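Chemist: Pasting target.cif below, which is mmCIF, C-alpha atoms.
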```
data_entry
#
loop_
_atom_site.label_atom_id
_atom_site.label_comp_id
_atom_site.auth_asym_id
_atom_site.auth_seq_id
_atom_site.Cartn_x
_atom_site.Cartn_y
_atom_site.Cartn_z
CA MET A 1 -23.72 -11.16 9.57
CA THR A 2 -22.36 -14.31 7.95
CA THR A 3 -19.69 -13.71 5.33
CA THR A 4 -18.41 -16.19 2.75
CA PHE A 5 -14.67 -16.17 2.15
CA ASN A 6 -12.06 -18.02 0.10
CA LYS A 7 -8.65 -18.96 1.44
CA TYR A 8 -5.82 -18.76 -1.12
CA GLN A 9 -2.07 -19.14 -1.12
CA GLY A 10 0.52 -18.07 -3.67
CA ALA A 11 3.85 -19.81 -3.07
CA GLY A 12 2.99 -20.06 0.63
CA ASN A 13 1.91 -16.42 0.95
CA ASP A 14 -1.70 -16.82 2.14
CA PHE A 15 -4.77 -14.62 1.90
CA ILE A 16 -8.42 -14.32 2.83
CA ILE A 17 -10.43 -13.17 -0.20
CA ILE A 18 -13.99 -11.83 -0.03
CA ASP A 19 -16.21 -10.93 -2.98
CA ASN A 20 -17.29 -7.45 -1.94
CA ARG A 21 -18.87 -6.28 -5.20
CA THR A 22 -22.12 -5.57 -3.34
CA GLY A 23 -20.27 -3.58 -0.67
CA ILE A 24 -21.34 -5.78 2.25
CA PHE A 25 -17.97 -5.68 4.03
CA ASN A 26 -16.79 -2.50 5.78
CA PRO A 27 -13.10 -2.04 4.89
CA SER A 28 -12.56 0.52 7.66
CA ASN A 29 -12.99 -2.14 10.38
CA SER A 30 -9.26 -2.78 10.92
CA ASN A 31 -9.86 -4.67 14.18
CA LEU A 32 -12.10 -7.17 12.40
CA ILE A 33 -9.63 -7.66 9.54
CA ASN A 34 -6.81 -8.19 12.05
CA ARG A 35 -8.90 -10.76 13.93
CA LEU A 36 -9.82 -12.64 10.75
CA CYS A 37 -6.12 -12.85 9.81
CA ASP A 38 -5.12 -14.07 13.29
CA ARG A 39 -3.92 -17.68 13.06
CA ARG A 40 -5.28 -18.59 16.50
CA LEU A 41 -8.42 -16.49 16.88
CA GLY A 42 -9.53 -16.22 13.25
CA ILE A 43 -9.09 -17.83 9.85
CA GLY A 44 -5.38 -17.06 9.57
CA ALA A 45 -3.60 -15.26 6.73
CA ASP A 46 -0.74 -12.95 5.80
CA GLY A 47 -3.18 -10.60 4.11
CA PHE A 48 -6.84 -9.77 3.46
CA ILE A 49 -8.29 -8.95 0.02
CA LEU A 50 -11.61 -7.40 -0.96
CA ILE A 51 -12.77 -7.79 -4.55
CA ASN A 52 -14.74 -4.63 -5.28
CA SER A 53 -16.73 -3.75 -8.39
CA SER A 54 -15.26 -1.47 -11.04
CA GLU A 55 -16.92 0.34 -13.93
CA GLU A 56 -13.71 0.46 -15.97
CA PHE A 57 -12.03 -2.86 -15.21
CA ASP A 58 -12.89 -6.43 -14.25
CA PHE A 59 -12.61 -5.54 -10.56
CA GLU A 60 -10.80 -3.44 -7.99
CA MET A 61 -8.53 -5.11 -5.42
CA LEU A 62 -8.29 -3.65 -1.92
CA TYR A 63 -5.39 -5.21 -0.01
CA PHE A 64 -4.85 -5.17 3.76
CA ASN A 65 -1.93 -6.53 5.76
CA SER A 66 -2.70 -8.87 8.64
CA ASP A 67 -2.45 -5.89 11.02
CA GLY A 68 -5.80 -4.80 9.58
CA PHE A 69 -4.67 -1.72 7.68
CA GLU A 70 -4.77 -1.11 3.94
CA SER A 71 -1.33 -1.54 2.45
CA THR A 72 0.67 -1.02 -0.72
CA MET A 73 0.67 -3.45 -3.65
CA CYS A 74 0.88 -7.18 -2.98
CA GLY A 75 2.14 -9.24 -5.92
CA ASN A 76 1.14 -12.69 -4.70
CA GLY A 77 -2.16 -11.25 -3.47
CA GLY A 78 -2.81 -9.80 -6.92
CA ARG A 79 -2.14 -13.17 -8.52
CA CYS A 80 -4.50 -14.91 -6.08
CA ALA A 81 -7.16 -12.23 -6.61
CA ALA A 82 -6.92 -12.83 -10.35
CA ASP A 83 -7.39 -16.58 -9.94
CA PHE A 84 -10.33 -15.99 -7.61
CA ALA A 85 -11.94 -13.70 -10.21
CA ILE A 86 -11.49 -16.35 -12.90
CA ARG A 87 -12.87 -19.17 -10.72
CA SER A 88 -15.82 -17.01 -9.66
CA GLY A 89 -16.75 -16.02 -13.20
CA ILE A 90 -15.95 -12.35 -12.58
CA ALA A 91 -13.36 -12.33 -15.36
CA GLY A 92 -11.86 -14.47 -18.09
CA LYS A 93 -8.34 -15.90 -18.24
CA LYS A 94 -7.00 -12.56 -19.42
CA LEU A 95 -8.11 -9.76 -17.14
CA ILE A 96 -7.33 -6.29 -15.90
CA PHE A 97 -7.89 -4.81 -12.44
CA ARG A 98 -7.14 -1.74 -10.37
CA ALA A 99 -5.03 -1.86 -7.21
CA ILE A 100 -3.70 0.86 -4.92
CA ASP A 101 -0.68 1.45 -7.17
CA GLY A 102 -2.57 1.49 -10.46
CA ILE A 103 -3.67 -0.93 -13.19
CA HIS A 104 -2.52 -4.55 -13.49
CA GLU A 105 -3.05 -7.21 -16.12
CA ALA A 106 -3.17 -10.91 -15.33
CA ILE A 107 -3.05 -14.03 -17.49
CA SER A 108 -3.84 -17.61 -16.47
CA GLU A 109 -1.80 -20.26 -18.34
CA ASN A 110 -1.17 -23.89 -17.34
CA ASN A 111 -2.06 -23.35 -13.65
CA ILE A 112 0.26 -20.34 -13.44
CA ILE A 113 -0.92 -16.77 -12.93
CA LYS A 114 1.23 -14.16 -14.63
CA LEU A 115 0.78 -10.64 -13.26
CA SER A 116 2.01 -7.34 -14.70
CA MET A 117 3.73 -5.08 -12.20
CA ASN A 118 4.09 -1.33 -12.54
CA ASP A 119 7.29 0.20 -13.86
CA VAL A 120 10.04 0.79 -11.32
CA ASN A 121 11.22 4.38 -11.26
CA GLU A 122 12.50 4.53 -7.68
CA SER A 123 15.71 2.76 -6.69
CA ARG A 124 18.77 3.80 -4.73
CA ILE A 125 21.69 2.33 -2.84
CA VAL A 126 21.49 2.50 0.96
CA SER A 127 24.46 1.24 2.98
CA GLY A 128 25.67 -0.78 0.00
CA ASN A 129 22.34 -2.49 -0.70
CA TYR A 130 19.49 -1.72 -3.09
CA PHE A 131 16.24 -0.06 -2.03
CA ILE A 132 13.63 -0.57 -4.77
CA ASN A 133 9.93 0.30 -4.88
CA THR A 134 7.98 -2.36 -6.78
CA GLY A 135 4.57 -1.09 -5.68
CA SER A 136 5.78 -1.70 -2.13
CA PRO A 137 9.12 -0.54 -0.69
CA HIS A 138 11.82 -3.21 -0.48
CA TYR A 139 15.39 -3.33 0.80
CA VAL A 140 17.47 -6.16 -0.69
CA ILE A 141 20.53 -7.61 1.07
CA PHE A 142 22.67 -10.23 -0.68
CA ASN A 143 24.11 -12.97 1.52
CA GLU A 144 25.95 -16.25 0.99
CA ASN A 145 23.90 -18.29 3.47
CA VAL A 146 20.34 -16.98 3.59
CA ALA A 147 19.02 -20.22 5.11
CA ALA A 148 20.96 -19.51 8.30
CA ILE A 149 19.76 -15.91 8.76
CA ASP A 150 17.44 -15.00 11.64
CA VAL A 151 15.07 -13.18 9.28
CA TYR A 152 12.68 -12.09 12.03
CA ASN A 153 15.23 -10.33 14.19
CA GLU A 154 17.52 -9.10 11.42
CA GLY A 155 14.61 -7.84 9.37
CA LYS A 156 12.98 -6.18 12.35
CA LYS A 157 16.15 -4.15 12.98
CA ILE A 158 15.99 -2.64 9.49
CA ARG A 159 12.21 -2.43 9.00
CA TRP A 160 11.85 0.92 10.84
CA SER A 161 15.28 2.31 9.92
CA LYS A 162 15.50 6.11 9.66
CA ASP A 163 16.70 5.55 6.08
CA PHE A 164 13.15 4.58 5.02
CA PRO A 165 10.69 7.23 6.21
CA PRO A 166 7.84 7.49 6.84
CA GLY A 167 6.43 3.96 6.70
CA GLY A 168 9.56 1.84 6.94
CA THR A 169 10.39 -0.94 4.51
CA ASN A 170 10.13 -4.63 3.76
CA VAL A 171 13.46 -6.44 4.03
CA ASN A 172 14.68 -9.17 1.66
CA PHE A 173 17.65 -11.50 2.12
CA ALA A 174 18.79 -12.89 -1.23
CA GLU A 175 21.30 -15.57 -2.20
CA ILE A 176 22.49 -16.42 -5.70
CA LYS A 177 22.17 -20.14 -6.37
CA GLY A 178 23.50 -20.89 -9.86
CA ASN A 179 20.93 -19.60 -12.33
CA SER A 180 18.37 -18.93 -9.58
CA MET A 181 17.97 -16.92 -6.39
CA PHE A 182 16.83 -17.93 -2.92
CA VAL A 183 14.90 -15.11 -1.23
CA ARG A 184 13.47 -14.72 2.27
CA THR A 185 11.40 -11.67 3.23
CA PHE A 186 10.45 -9.84 6.43
CA GLU A 187 7.14 -8.16 5.59
CA ARG A 188 5.97 -4.96 7.20
CA GLY A 189 2.34 -5.08 8.32
CA VAL A 190 2.74 -8.79 8.95
CA GLU A 191 5.81 -7.93 11.07
CA ASP A 192 7.32 -11.34 10.48
CA GLU A 193 8.82 -13.52 7.78
CA THR A 194 6.36 -14.78 5.17
CA LEU A 195 6.93 -17.90 3.07
CA SER A 196 7.21 -15.70 -0.02
CA CYS A 197 6.56 -12.13 -1.10
CA GLY A 198 5.73 -11.21 -4.71
CA THR A 199 6.85 -7.58 -4.63
CA GLY A 200 9.89 -8.68 -2.62
CA VAL A 201 11.12 -11.28 -5.11
CA THR A 202 10.48 -8.75 -7.89
CA ALA A 203 12.72 -6.21 -6.14
CA SER A 204 15.33 -8.89 -5.44
CA ALA A 205 15.46 -9.99 -9.09
CA ILE A 206 15.86 -6.40 -10.29
CA ALA A 207 18.55 -5.75 -7.67
CA ALA A 208 20.42 -8.88 -8.80
CA VAL A 209 20.63 -7.52 -12.36
CA PHE A 210 21.45 -3.96 -11.24
CA SER A 211 24.30 -5.31 -9.09
CA GLY A 212 25.71 -7.56 -11.82
CA HIS A 213 24.81 -10.94 -10.33
CA PHE A 214 22.78 -11.74 -13.47
CA ASP A 215 22.92 -10.39 -17.00
CA THR A 216 19.48 -11.76 -17.91
CA ASN A 217 16.08 -10.12 -17.62
CA SER A 218 14.37 -13.37 -16.56
CA VAL A 219 15.12 -14.59 -13.05
CA ASN A 220 13.89 -17.77 -11.34
CA ILE A 221 13.23 -17.36 -7.63
CA ILE A 222 13.17 -20.00 -4.90
CA THR A 223 11.28 -19.18 -1.70
CA LYS A 224 10.36 -21.25 1.36
CA GLY A 225 6.81 -21.48 -0.01
CA GLY A 226 7.49 -22.27 -3.65
CA ASN A 227 8.99 -21.04 -6.90
CA LEU A 228 8.33 -17.78 -8.71
CA LYS A 229 9.63 -16.12 -11.86
CA VAL A 230 10.27 -12.44 -12.60
CA GLU A 231 10.71 -11.04 -16.12
CA PHE A 232 11.45 -7.41 -17.01
CA LYS A 233 13.31 -4.97 -19.24
CA ILE A 234 15.85 -2.40 -18.05
CA LYS A 235 16.27 0.94 -19.80
CA GLY A 236 18.89 2.93 -17.92
CA LYS A 237 17.57 3.27 -14.38
CA LYS A 238 13.99 2.53 -15.38
CA VAL A 239 12.57 -0.99 -15.27
CA THR A 240 9.58 -1.77 -17.52
CA ASN A 241 7.50 -4.72 -18.75
CA ILE A 242 7.69 -6.41 -15.34
CA TRP A 243 5.83 -9.70 -14.98
CA LEU A 244 5.58 -11.86 -11.85
CA SER A 245 4.63 -15.51 -12.47
CA GLY A 246 3.84 -18.40 -10.16
CA PRO A 247 1.12 -20.59 -8.66
CA ALA A 248 -2.07 -19.19 -7.13
CA THR A 249 -3.78 -21.97 -5.22
CA PHE A 250 -7.35 -22.14 -3.93
CA VAL A 251 -7.24 -23.76 -0.47
CA PHE A 252 -10.83 -23.77 0.78
CA GLU A 253 -14.09 -21.84 0.99
CA GLY A 254 -15.88 -21.13 4.23
CA SER A 255 -18.24 -18.82 6.04
CA ILE A 256 -17.73 -16.89 9.26
CA GLU A 257 -19.93 -14.80 11.53
CA VAL A 258 -18.63 -11.21 11.66
#
```
Written as structure tokens, that's how I'd like the structure from this file.
Modeler:
Amino acid sequence: MTTTFNKYQGAGNDFIIIDNRTGIFNPSNSNLINRLCDRRLGIGADGFILINSSEEFDFEMLYFNSDGFESTMCGNGGRCAADFAIRSGIAGKKLIFRAIDGIHEAISENNIIKLSMNDVNESRIVSGNYFINTGSPHYVIFNENVAAIDVYNEGKKIRWSKDFPPGGTNVNFAEIKGNSMFVRTFERGVEDETLSCGTGVTASAIAAVFSGHFDTNSVNIITKGGNLKVEFKIKGKKVTNIWLSGPATFVFEGSIEV
């Protein structure tokens, strides 16, 4: 079977997106998804997205890490899925879709996709650093020289820590740079550093306000793959009205025999 796909990237975080509204692609084939995401044997991507039909919303997003298994929410993936839906005529520039963690809104303005994230109700301090669930679990470590960190090895040490059962955690290394933050992320499921991570920068921005680094609810983020922005409101320990903004870039369209 020949399948058409789109390749997207959001601040360097890249994805394979397939329009699966007719149900042609079997999402249980983890080996195939892993092979398609392989950068040497397949198309190459951090993640794999199926756009499924929905009776209630514009579409449903199924997200898989490059290991081939369905994962928790992906912020940059959600933004890219929204842009794909707009480009494909599935939805207009204001849309709503379902993901594994619930309902998300997206807005396209001036080549930026702004995505609503679910409220944060789970956060705690572990070994002096913040653990925050932004649809995916994230551990945020503040450091004065993030560029020099061996993110692969340092992140790998923490990823399966006994402090984060049962599925482990993503690990973010964050540095305050004036009015902005520089963030690097080790992503579980990819098992490596990615050029950016939407749920990771969201957790890092919230952690920066919780810890007193910023007193604003709008944080600009620098990543190796590009710039993102996180806006939110804090009410006690609850974080609401969370929006993740940044570029969602169509790279190319292709077809592959699967």
Chemist: Go through A:Met117, A:Ile125, A:Met1, A:Ala91 one by one, measure the shortest atom-to-atom distance of each to Phe210 in chain A using all atoms listed in the file, and give the residue with the smallest value.
Modeler: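 Checking each candidate against Phe210 in chain A, we get A:Ile125 as the closest.
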Chemist: To test your reading of the syntax: which residues would the PyMOL selection byres ((chain A and resi 126) around 12) return for the file shown? Reply as a ChimeraX atom specification.
Modeler: /A:123-125,127-132,138-141,158,161-164
Chemist: Neighbouring residues of Glu175 in chain A were defined as those with any atom within 8 Å, considering all atoms listed in the file; residues of the same chain fewer than 6 positions away were excluded. Please report them as a ChimeraX atom specification.
Modeler: /A:142-146,181-183
Chemist: Counting only C-alpha atoms, note down every residue that has an atom within 10 Å of the point (20.7, 2.2, -11.4) (file coordinates), as a compact mmCIF listing (two decimals) with C-alpha atoms, keeping the file's coordinate frame.
Modeler:
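Okay, out-v5.txt is ready:
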```txt
# COMPACT_ATOMS: atom_id res chain seq x y z
CA ASN A 121 11.22 4.38 -11.26
CA GLU A 122 12.50 4.53 -7.68
CA SER A 123 15.71 2.76 -6.69
CA ARG A 124 18.77 3.80 -4.73
CA ILE A 125 21.69 2.33 -2.84
CA TYR A 130 19.49 -1.72 -3.09
CA ILE A 206 15.86 -6.40 -10.29
CA ALA A 207 18.55 -5.75 -7.67
CA VAL A 209 20.63 -7.52 -12.36
CA PHE A 210 21.45 -3.96 -11.24
CA SER A 211 24.30 -5.31 -9.09
CA ILE A 234 15.85 -2.40 -18.05
CA LYS A 235 16.27 0.94 -19.80
CA GLY A 236 18.89 2.93 -17.92
CA LYS A 237 17.57 3.27 -14.38
CA LYS A 238 13.99 2.53 -15.38
CA VAL A 239 12.57 -0.99 -15.27
```
Chemist: Determine the nearest neighbour of Phe5 in chain A from the options A:Gly102, A:Gly44, A:Gly75, A:Gly168, counting all atoms listed in the file.
Modeler: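 Using all atoms listed in the file, Phe5 in chain A sits closest to A:Gly44.
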Chemist: In Å, rounded to a single decimal, give me how far CA of Phe59 in chain A is from CA of Leu95 in chain A.
Modeler: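 For CA of Leu95 in chain A relative to CA of Phe59 in chain A, the distance reads 9.0 Å.
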Chemist: Rounded to one decimal, what separation in Å do you get between CA of Arg98 in chain A and CA of Thr22 in chain A?
Modeler: 17.0 Å
